[in-house]
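Below is the file input-v1.tsv, which contains TSV, C-alpha atoms.
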chain	number	residue	atom	x	y	z
A	5	LYS	CA	-56.70	-21.38	-28.43
A	6	GLU	CA	-55.83	-24.36	-30.64
A	7	VAL	CA	-56.72	-26.95	-28.00
A	8	ASN	CA	-59.82	-27.74	-25.96
A	9	ILE	CA	-58.41	-27.19	-22.47
A	10	ALA	CA	-61.58	-28.25	-20.63
A	11	LYS	CA	-61.81	-31.51	-22.58
A	12	MET	CA	-58.11	-32.21	-22.04
A	13	LYS	CA	-58.48	-31.81	-18.29
A	14	SER	CA	-61.59	-34.02	-18.11
A	15	ASP	CA	-59.88	-36.72	-20.20
A	16	GLY	CA	-56.61	-36.51	-18.25
A	17	VAL	CA	-54.60	-35.32	-21.24
A	18	HIS	CA	-51.46	-33.33	-20.37
A	19	LEU	CA	-50.73	-30.02	-22.07
A	20	ALA	CA	-47.14	-29.46	-23.20
A	21	ARG	CA	-45.71	-26.52	-25.11
A	22	ARG	CA	-42.68	-26.55	-27.40
A	23	SER	CA	-40.35	-23.66	-28.23
A	24	SER	CA	-40.51	-24.26	-31.98
A	25	GLY	CA	-43.19	-22.79	-34.23
A	26	GLY	CA	-46.25	-24.36	-35.83
A	27	GLY	CA	-49.68	-25.34	-34.58
A	28	ALA	CA	-50.82	-27.68	-31.82
A	29	VAL	CA	-50.54	-31.46	-32.26
A	30	TYR	CA	-52.13	-34.38	-30.45
A	31	GLN	CA	-49.61	-36.85	-29.04
A	32	ASP	CA	-50.22	-40.44	-28.03
A	33	ALA	CA	-48.34	-43.73	-28.40
A	34	GLY	CA	-49.48	-43.92	-32.02
A	35	ASN	CA	-47.64	-40.74	-32.95
A	36	THR	CA	-43.88	-41.15	-33.48
A	37	ASN	CA	-41.66	-38.05	-33.34
A	38	PHE	CA	-38.41	-37.39	-35.21
A	39	THR	CA	-35.75	-34.74	-34.61
A	40	PHE	CA	-32.84	-33.43	-36.68
A	41	LEU	CA	-30.43	-31.35	-34.60
A	42	THR	CA	-27.61	-29.74	-36.56
A	43	SER	CA	-25.39	-26.70	-36.75
A	44	MET	CA	-26.90	-23.62	-38.42
A	45	ASP	CA	-24.53	-24.10	-41.37
A	46	ASN	CA	-25.73	-27.66	-41.91
A	47	HIS	CA	-29.45	-26.97	-41.45
A	48	ASP	CA	-31.47	-28.13	-44.48
A	49	LYS	CA	-35.14	-28.92	-43.89
A	50	GLU	CA	-35.61	-30.16	-47.49
A	51	ARG	CA	-32.83	-32.72	-47.02
A	52	ASN	CA	-34.28	-33.85	-43.70
A	53	THR	CA	-37.76	-34.14	-45.18
A	54	ASP	CA	-36.38	-36.18	-48.06
A	55	ILE	CA	-34.94	-38.70	-45.58
A	56	ILE	CA	-38.42	-39.19	-44.11
A	57	ILE	CA	-40.00	-39.43	-47.58
A	58	ARG	CA	-37.46	-42.07	-48.68
A	59	ALA	CA	-38.16	-44.06	-45.51
A	60	LEU	CA	-41.89	-44.06	-46.34
A	61	ALA	CA	-41.10	-45.12	-49.90
A	62	THR	CA	-39.67	-48.42	-48.61
A	63	PHE	CA	-43.24	-49.30	-47.60
A	64	GLY	CA	-44.52	-48.57	-51.09
A	65	LEU	CA	-45.88	-45.12	-50.18
A	66	SER	CA	-45.49	-42.17	-52.53
A	67	ALA	CA	-45.08	-39.28	-50.11
A	68	GLU	CA	-44.31	-35.65	-50.90
A	69	ALA	CA	-43.68	-32.38	-49.10
A	70	SER	CA	-46.67	-30.02	-49.01
A	71	GLY	CA	-47.10	-26.44	-47.90
A	72	ARG	CA	-44.90	-25.00	-45.20
A	73	ASN	CA	-44.24	-28.10	-43.14
A	74	ASP	CA	-46.38	-31.13	-44.05
A	75	ILE	CA	-45.74	-34.51	-45.64
A	76	VAL	CA	-48.73	-35.98	-47.47
A	77	VAL	CA	-49.61	-39.32	-49.03
A	78	GLY	CA	-52.46	-39.31	-51.52
A	79	GLY	CA	-53.44	-35.81	-50.41
A	80	CYS	CA	-53.69	-36.79	-46.73
A	81	LYS	CA	-51.34	-35.36	-44.12
A	82	VAL	CA	-49.24	-38.00	-42.36
A	83	SER	CA	-46.57	-35.72	-40.86
A	84	GLY	CA	-46.14	-32.13	-39.69
A	85	ALA	CA	-42.91	-30.39	-38.73
A	86	ALA	CA	-41.70	-27.36	-36.78
A	87	TYR	CA	-38.38	-25.56	-36.51
A	88	ARG	CA	-36.24	-23.55	-34.13
A	89	LEU	CA	-33.11	-21.63	-35.09
A	90	ALA	CA	-30.97	-20.81	-32.06
A	91	PRO	CA	-27.40	-20.11	-33.25
A	92	PRO	CA	-25.17	-22.02	-33.38
A	93	ARG	CA	-27.78	-24.83	-33.47
A	94	ALA	CA	-30.83	-25.55	-35.59
A	95	LEU	CA	-33.74	-27.84	-34.70
A	96	HIS	CA	-36.13	-29.57	-37.11
A	97	HIS	CA	-38.63	-31.94	-35.55
A	98	GLY	CA	-41.96	-33.43	-36.51
A	99	THR	CA	-44.64	-36.07	-36.20
A	100	LEU	CA	-45.34	-39.35	-37.98
A	101	LEU	CA	-48.98	-40.37	-37.60
A	102	ILE	CA	-48.74	-44.16	-37.40
A	103	ASN	CA	-51.79	-45.20	-35.41
A	104	VAL	CA	-53.11	-42.11	-33.65
A	105	ASP	CA	-56.51	-42.05	-31.92
A	106	MET	CA	-58.30	-39.86	-34.48
A	107	GLY	CA	-61.37	-39.55	-32.25
A	108	ALA	CA	-59.33	-37.95	-29.49
A	109	LEU	CA	-57.45	-35.81	-32.01
A	110	GLY	CA	-60.71	-34.41	-33.38
A	111	LYS	CA	-62.13	-33.67	-29.92
A	112	LEU	CA	-59.03	-32.09	-28.41
A	113	LEU	CA	-57.65	-29.97	-31.24
A	114	ASN	CA	-59.36	-26.73	-32.15
A	115	PRO	CA	-57.46	-25.25	-35.12
A	116	ASN	CA	-57.78	-21.58	-35.95
A	117	LYS	CA	-60.76	-21.01	-38.28
A	118	LEU	CA	-58.67	-18.81	-40.57
A	119	LYS	CA	-56.20	-21.67	-41.02
A	120	MET	CA	-59.01	-24.13	-41.79
A	121	GLN	CA	-60.52	-21.77	-44.35
A	122	SER	CA	-57.17	-21.20	-46.05
A	123	LYS	CA	-56.74	-24.96	-46.48
A	124	GLY	CA	-60.32	-25.46	-47.66
A	125	ILE	CA	-61.12	-28.20	-45.12
A	126	ALA	CA	-64.09	-28.77	-42.82
A	127	SER	CA	-62.36	-30.43	-39.85
A	128	VAL	CA	-58.92	-31.30	-38.53
A	129	THR	CA	-59.51	-35.03	-39.08
A	130	SER	CA	-60.68	-34.66	-42.68
A	131	ARG	CA	-57.17	-34.08	-44.03
A	132	VAL	CA	-55.07	-36.47	-41.92
A	133	SER	CA	-54.48	-40.22	-42.15
A	134	ASN	CA	-52.72	-42.87	-40.12
A	135	LEU	CA	-49.81	-44.53	-41.90
A	136	LYS	CA	-51.04	-47.87	-40.53
A	137	ASN	CA	-54.10	-47.52	-42.77
A	138	LEU	CA	-51.88	-46.97	-45.81
A	139	SER	CA	-49.45	-49.82	-45.11
A	140	SER	CA	-50.06	-52.61	-42.61
A	141	GLU	CA	-46.30	-53.12	-42.37
A	142	ILE	CA	-45.74	-49.77	-40.66
A	143	THR	CA	-45.23	-49.78	-36.90
A	144	HIS	CA	-43.14	-47.55	-34.66
A	145	GLU	CA	-40.31	-50.09	-34.79
A	146	THR	CA	-40.35	-50.72	-38.56
A	147	LEU	CA	-40.63	-47.06	-39.53
A	148	THR	CA	-37.98	-45.95	-37.04
A	149	ALA	CA	-35.61	-48.56	-38.45
A	150	LYS	CA	-36.17	-47.30	-42.00
A	151	VAL	CA	-35.67	-43.65	-41.03
A	152	ILE	CA	-32.35	-44.60	-39.42
A	153	GLU	CA	-31.43	-46.63	-42.51
A	154	MET	CA	-32.14	-43.71	-44.87
A	155	PHE	CA	-30.31	-41.30	-42.55
A	156	CYS	CA	-27.22	-43.52	-42.56
A	157	ALA	CA	-27.44	-44.00	-46.33
A	158	HIS	CA	-27.49	-40.24	-46.89
A	159	TYR	CA	-24.51	-39.55	-44.63
A	160	GLY	CA	-22.55	-42.68	-45.52
A	161	ALA	CA	-22.65	-44.07	-41.98
A	162	GLU	CA	-22.56	-47.78	-41.21
A	163	GLY	CA	-25.14	-47.46	-38.45
A	164	VAL	CA	-26.08	-45.69	-35.24
A	165	VAL	CA	-26.28	-46.74	-31.62
A	166	ALA	CA	-29.59	-45.79	-30.03
A	167	GLU	CA	-29.41	-44.05	-26.66
A	168	ASP	CA	-32.32	-44.16	-24.22
A	169	LEU	CA	-32.76	-41.13	-21.97
A	170	ASP	CA	-34.57	-41.89	-18.72
A	171	PHE	CA	-35.32	-39.77	-15.65
A	172	ALA	CA	-32.26	-41.03	-13.79
A	173	GLN	CA	-29.97	-39.82	-16.58
A	174	LEU	CA	-31.91	-36.59	-16.95
A	175	GLU	CA	-31.26	-35.63	-13.34
A	176	LYS	CA	-27.50	-36.01	-13.90
A	177	ILE	CA	-27.42	-33.41	-16.69
A	178	GLU	CA	-28.01	-30.08	-14.94
A	179	SER	CA	-28.73	-27.93	-18.01
A	180	LEU	CA	-31.13	-30.48	-19.52
A	181	ASN	CA	-32.87	-31.04	-16.20
A	182	LYS	CA	-33.43	-27.27	-15.87
A	183	VAL	CA	-35.10	-27.13	-19.28
A	184	PHE	CA	-37.24	-30.13	-18.36
A	185	ASN	CA	-38.42	-28.40	-15.18
A	186	ASP	CA	-38.94	-25.02	-16.86
A	187	ILE	CA	-41.24	-26.38	-19.56
A	188	GLN	CA	-43.51	-27.91	-16.91
A	189	ASP	CA	-44.22	-24.49	-15.40
A	190	ASP	CA	-47.82	-23.34	-15.99
A	191	ASP	CA	-46.71	-19.85	-17.02
A	192	TRP	CA	-44.78	-21.44	-19.88
A	193	ARG	CA	-47.35	-24.11	-20.79
A	194	TYR	CA	-50.35	-21.79	-20.90
A	195	GLY	CA	-48.55	-18.58	-21.84
A	196	GLN	CA	-48.40	-15.41	-19.80
A	197	SER	CA	-51.38	-13.37	-20.95
A	198	PRO	CA	-51.97	-10.25	-18.83
A	199	ALA	CA	-54.99	-8.05	-19.54
A	200	PHE	CA	-54.80	-6.32	-22.91
A	201	SER	CA	-56.90	-3.51	-24.30
A	202	HIS	CA	-56.85	-4.43	-28.01
A	203	HIS	CA	-57.00	-7.70	-29.93
A	204	LEU	CA	-56.08	-8.24	-33.60
A	205	GLU	CA	-56.12	-11.48	-35.56
A	206	GLY	CA	-55.22	-12.39	-39.14
A	207	ARG	CA	-53.48	-14.82	-41.45
A	208	PHE	CA	-50.67	-14.07	-43.90
A	209	GLU	CA	-51.14	-15.79	-47.28
A	210	SER	CA	-49.24	-13.58	-49.72
A	211	PRO	CA	-46.70	-13.68	-51.28
A	212	SER	CA	-46.43	-17.08	-49.56
A	213	PRO	CA	-48.38	-18.44	-46.56
A	214	TRP	CA	-46.44	-18.26	-43.32
A	215	GLY	CA	-49.03	-18.40	-40.58
A	216	THR	CA	-51.76	-16.99	-38.38
A	217	ILE	CA	-51.14	-14.30	-35.78
A	218	ASP	CA	-53.20	-13.40	-32.72
A	219	ILE	CA	-51.97	-10.09	-31.24
A	220	HIS	CA	-52.91	-8.67	-27.84
A	221	ILE	CA	-51.89	-5.05	-27.32
A	222	ASP	CA	-51.86	-2.89	-24.21
A	223	SER	CA	-51.58	0.79	-25.06
A	224	SER	CA	-51.97	4.19	-23.46
A	225	LYS	CA	-51.50	7.77	-24.65
A	226	GLY	CA	-51.04	6.61	-28.24
A	227	LYS	CA	-48.14	4.26	-27.44
A	228	ILE	CA	-47.89	0.48	-27.20
A	229	ASN	CA	-46.82	-0.47	-23.67
A	230	SER	CA	-46.69	-4.23	-24.28
A	231	ALA	CA	-47.66	-6.79	-26.87
A	232	LYS	CA	-48.19	-10.55	-26.84
A	233	ILE	CA	-48.35	-12.51	-30.08
A	234	PHE	CA	-49.60	-16.07	-30.44
A	235	SER	CA	-48.83	-17.64	-33.80
A	236	ASP	CA	-48.46	-20.93	-35.67
A	237	SER	CA	-45.62	-19.39	-37.69
A	238	LEU	CA	-42.63	-21.65	-38.26
A	239	HIS	CA	-40.36	-18.73	-37.34
A	240	PRO	CA	-40.75	-18.23	-33.56
A	241	ASN	CA	-37.64	-16.04	-33.49
A	242	LEU	CA	-39.41	-13.58	-35.80
A	243	ILE	CA	-42.53	-13.51	-33.61
A	244	GLU	CA	-40.44	-12.80	-30.50
A	245	ALA	CA	-38.59	-10.02	-32.35
A	246	VAL	CA	-41.87	-8.40	-33.46
A	247	GLU	CA	-43.22	-8.48	-29.90
A	248	GLY	CA	-40.21	-6.53	-28.70
A	249	ALA	CA	-40.20	-4.14	-31.66
A	250	LEU	CA	-43.83	-3.12	-31.06
A	251	VAL	CA	-43.15	-1.70	-27.57
A	252	GLY	CA	-43.05	2.10	-27.71
A	253	VAL	CA	-44.49	2.31	-31.21
A	254	ASN	CA	-47.24	4.88	-31.88
A	255	TYR	CA	-50.64	3.19	-31.85
A	256	ASP	CA	-54.01	4.56	-32.90
A	257	PRO	CA	-56.70	1.83	-32.71

Show how you would write the structure in this file as structure tokens.
Amino acid sequence: KEVNIAKMKSDGVHLARRSSGGGAVYQDAGNTNFTFLTSMDNHDKERNTDIIIRALATFGLSAEASGRNDIVVGGCKVSGAAYRLAPPRALHHGTLLINVDMGALGKLLNPNKLKMQSKGIASVTSRVSNLKNLSSEITHETLTAKVIEMFCAHYGAEGVVAEDLDFAQLEKIESLNKVFNDIQDDDWRYGQSPAFSHHLEGRFESPSPWGTIDIHIDSSKGKINSAKIFSDSLHPNLIEAVEGALVGVNYDP
């Protein structure tokens, strides 16, 4: 629901779906992605975010963390993140809007109206900015180098050796190749949404905002037979747990 599927198909834009939480993002060559993969014990999203913020500071930009998962400069969003906790590992990844096609972003993304209202904005493009417009020195190469530099400075490392993963290597790693193939399946990309008899939608803002939920419920004889929840929550494990917990619960619409 957060993307314009018809427009994507007509423009030849591919739909991908990630296993972490958060809302939809538009990806092109102007959008650089970062990932922090750690053990659960060493997971610290504030520390990771600070590494990105310090990298931006080297270009003279005063960036700060905002809300659940954004990095802003001068009130404009330049980065969004998502998370996945899968013991014993933790994933924190996000975007860096360097020189994204804002026209395409505005046409293809269709954010939930409740989310837009909660943020007090009129359109998805009204609150985002390309880093290239804030500093002409920023490119994929220069920003990536600074992120690596700040990462090494934090952990006391002398440097890192970049590793390129291509399709030939991917096919040699059976477990990784399976994941790659699984996430291309249409049932995964579009979500399995059988017919449901009831639909509920809302956004949680108090005591702290954690996301929008879109619940589809199939019930009979006062019991929930199945439930499917779509959410931009940054806690996908919680959403999956709630889906399972709802089955068999008394339900009176």

inquiry  = I'd like the neighbourhood of region 136-140 of chain A as a PyMOL selection string, where a residue qualifies if any of its atoms comes within 10 Å (using only C-alpha atoms), though same-chain residues fewer than 5 positions away should be ignored.
reply    = chain A and resi 34+60+63-65+77-78+82+101-104

Serialized selection, C-alpha atoms, as an mmCIF file, in the frame of the given file:
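File written: out.cif
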data_model
loop_
_atom_site.group_PDB
_atom_site.id
_atom_site.type_symbol
_atom_site.label_atom_id
_atom_site.label_comp_id
_atom_site.auth_asym_id
_atom_site.auth_seq_id
_atom_site.Cartn_x
_atom_site.Cartn_y
_atom_site.Cartn_z
ATOM 1 C CA GLY A 34 -49.480 -43.920 -32.020
ATOM 2 C CA LEU A 60 -41.890 -44.060 -46.340
ATOM 3 C CA PHE A 63 -43.240 -49.300 -47.600
ATOM 4 C CA GLY A 64 -44.520 -48.570 -51.090
ATOM 5 C CA LEU A 65 -45.880 -45.120 -50.180
ATOM 6 C CA VAL A 77 -49.610 -39.320 -49.030
ATOM 7 C CA GLY A 78 -52.460 -39.310 -51.520
ATOM 8 C CA VAL A 82 -49.240 -38.000 -42.360
ATOM 9 C CA LEU A 101 -48.980 -40.370 -37.600
ATOM 10 C CA ILE A 102 -48.740 -44.160 -37.400
ATOM 11 C CA ASN A 103 -51.790 -45.200 -35.410
ATOM 12 C CA VAL A 104 -53.110 -42.110 -33.650
#

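Across the model, the gap from CA of Lys11 (chain A) to CA of His97 (chain A) is 26.6 Å.
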
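Reported to one decimal place, the separation of CA of Asn241 (chain A) from CA of Asp186 (chain A) is 18.9 Å.
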
For region 35-81 of chain A versus region 26-30 of chain A, which residues have an atom no more than 10 Å away, and what is each residue's nearest atom pair and distance in Å rounded to one decimal, using all atoms listed in the file, chain-then-number order, as CSV?
residue,atom,partner,partner_atom,distance
A:Asn35,CA,A:Tyr30,CA,8.2
A:Arg72,CA,A:Gly26,CA,9.5
A:Asn73,CA,A:Gly26,CA,8.5

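Using all atoms listed in the file for every distance, the candidate list A:Ser66, A:Thr36, A:Ser43, A:Asn114 yields A:Thr36 as the residue closest to Ser83 (chain A).
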
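Here CA of Ala69 (chain A) stands at a distance of 28.4 Å from CA of Ala245 (chain A).
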
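Taking all atoms listed in the file into account, Ala59 (chain A) lies nearest to A:Met154 out of the set A:Asp15, A:Leu238, A:Met154, A:Ala10.
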
message = At a cut-off of 10 Å, using all atoms listed in the file, what residues contact Trp214 (chain A)? Leave out same-chain residues fewer than 6 positions from it and give the result as a ChimeraX atom specification.
response = /A:26,71-72,207-208,235-239

Contacts of Phe234 (chain A) at 7 Å or less, counting all atoms listed in the file, minus same-chain residues fewer than 2 places along, as a CSV table (one decimal) with C-alpha atoms, keeping the file's coordinate frame?
chain,number,residue,atom,x,y,z
A,217,ILE,CA,-51.1,-14.3,-35.8
A,218,ASP,CA,-53.2,-13.4,-32.7
A,219,ILE,CA,-52.0,-10.1,-31.2
A,232,LYS,CA,-48.2,-10.6,-26.8

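Among A:Ala172, A:Ile55, A:Leu113, A:Ile243, the residue with the shortest atom-to-atom distance to Glu153 (chain A), counting all atoms listed in the file, is A:Ile55.
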
query = Between A:Ala90, A:Val76, A:Leu112, A:Asp105, which has the minimum distance to Lys13 (chain A) (counting all atoms listed in the file)?
reply = A:Leu112

message = Quick one: residues within 12 Å of Arg21 (chain A), only C-alpha atoms, excluding same-chain residues fewer than 4 positions away - as JSON, numbers by chain?
response = {"A": [6, 7, 25, 26, 27, 28, 29, 30, 31, 184, 186, 187, 188, 189, 190, 191, 192, 193, 194, 195]}

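Among the candidates A:Ser224, A:Ala108, A:Cys80, A:Lys49, the residue lying nearest to Gly16 (chain A) is A:Ala108 (atoms considered: all atoms listed in the file).
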
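Of the residues under consideration (A:Ile75, A:Gly248, A:Leu95, A:Gly110), A:Leu95 shows the shortest atom-to-atom contact distance to Ser23 (chain A) when counting all atoms listed in the file.
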
10 Å contact set for Pro91 (chain A), only C-alpha atoms, chain neighbours under 3 positions out, as a JSON list (two decimals) with C-alpha atoms, in the frame of the given file:
[["chain", "number", "residue", "atom", "x", "y", "z"],
["A", 43, "SER", "CA", -25.39, -26.70, -36.75],
["A", 44, "MET", "CA", -26.90, -23.62, -38.42],
["A", 45, "ASP", "CA", -24.53, -24.10, -41.37],
["A", 88, "ARG", "CA", -36.24, -23.55, -34.13],
["A", 94, "ALA", "CA", -30.83, -25.55, -35.59]]

inquiry  = Around (-45.1, -33.1, -33.3), as given in the file, which residues come within 7 Å? Count all atoms listed in the file and list them as an NGL selection string.
reply    = :A and (29 or 37 or 84-85 or 97-99)

Show me that you can extract region 33-59 of chain A, keeping N, CA and C atoms, and write it as a short mmCIF file (atom, residue, chain, number, x, y, z; two decimals), in the first residue's frame.
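As written to disk, out-v2.cif reads:
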data_model
loop_
_atom_site.label_atom_id
_atom_site.label_comp_id
_atom_site.auth_asym_id
_atom_site.auth_seq_id
_atom_site.Cartn_x
_atom_site.Cartn_y
_atom_site.Cartn_z
N ALA A 33 20.49 4.69 -8.22
CA ALA A 33 21.94 4.81 -8.05
C ALA A 33 22.33 6.01 -7.20
N GLY A 34 21.40 6.92 -6.96
CA GLY A 34 21.69 8.07 -6.12
C GLY A 34 21.43 7.85 -4.65
N ASN A 35 21.02 6.63 -4.31
CA ASN A 35 20.71 6.30 -2.92
C ASN A 35 21.70 5.24 -2.43
N THR A 36 22.61 5.63 -1.55
CA THR A 36 23.61 4.70 -1.01
C THR A 36 23.07 4.04 0.25
N ASN A 37 23.30 2.74 0.39
CA ASN A 37 22.84 1.99 1.57
C ASN A 37 24.00 1.64 2.48
N PHE A 38 23.75 1.62 3.78
CA PHE A 38 24.75 1.16 4.74
C PHE A 38 24.15 0.05 5.59
N THR A 39 25.00 -0.81 6.12
CA THR A 39 24.55 -1.91 6.97
C THR A 39 25.55 -2.13 8.11
N PHE A 40 25.01 -2.27 9.32
CA PHE A 40 25.79 -2.70 10.48
C PHE A 40 25.24 -4.05 10.90
N LEU A 41 26.08 -5.07 10.85
CA LEU A 41 25.69 -6.43 11.24
C LEU A 41 26.55 -6.84 12.42
N THR A 42 25.90 -7.06 13.57
CA THR A 42 26.63 -7.36 14.80
C THR A 42 25.97 -8.51 15.54
N SER A 43 26.58 -8.88 16.66
CA SER A 43 25.93 -9.80 17.58
C SER A 43 24.83 -9.03 18.32
N MET A 44 23.90 -9.74 18.92
CA MET A 44 22.85 -9.09 19.70
C MET A 44 23.45 -8.29 20.85
N ASP A 45 24.49 -8.85 21.48
CA ASP A 45 25.11 -8.19 22.63
C ASP A 45 25.78 -6.87 22.24
N ASN A 46 26.22 -6.78 21.00
CA ASN A 46 26.95 -5.59 20.56
C ASN A 46 26.09 -4.64 19.74
N HIS A 47 24.78 -4.91 19.66
CA HIS A 47 23.88 -4.07 18.87
C HIS A 47 23.63 -2.74 19.59
N ASP A 48 23.88 -1.64 18.89
CA ASP A 48 23.68 -0.30 19.47
C ASP A 48 23.37 0.65 18.32
N LYS A 49 22.09 0.90 18.08
CA LYS A 49 21.71 1.72 16.93
C LYS A 49 22.15 3.17 17.10
N GLU A 50 22.21 3.65 18.36
CA GLU A 50 22.67 5.03 18.59
C GLU A 50 24.14 5.18 18.21
N ARG A 51 24.95 4.18 18.54
CA ARG A 51 26.37 4.22 18.18
C ARG A 51 26.54 4.18 16.67
N ASN A 52 25.78 3.31 16.02
CA ASN A 52 25.86 3.21 14.56
C ASN A 52 25.45 4.52 13.89
N THR A 53 24.36 5.10 14.39
CA THR A 53 23.88 6.36 13.84
C THR A 53 24.91 7.46 14.02
N ASP A 54 25.59 7.44 15.16
CA ASP A 54 26.61 8.46 15.43
C ASP A 54 27.76 8.37 14.43
N ILE A 55 28.10 7.16 14.00
CA ILE A 55 29.15 6.99 13.00
C ILE A 55 28.75 7.67 11.69
N ILE A 56 27.50 7.51 11.29
CA ILE A 56 27.00 8.16 10.08
C ILE A 56 26.99 9.68 10.25
N ILE A 57 26.54 10.15 11.41
CA ILE A 57 26.47 11.59 11.68
C ILE A 57 27.87 12.21 11.65
N ARG A 58 28.86 11.52 12.21
CA ARG A 58 30.23 12.05 12.23
C ARG A 58 30.83 12.05 10.82
N ALA A 59 30.41 11.09 9.99
CA ALA A 59 30.87 11.08 8.60
C ALA A 59 30.31 12.30 7.86
#
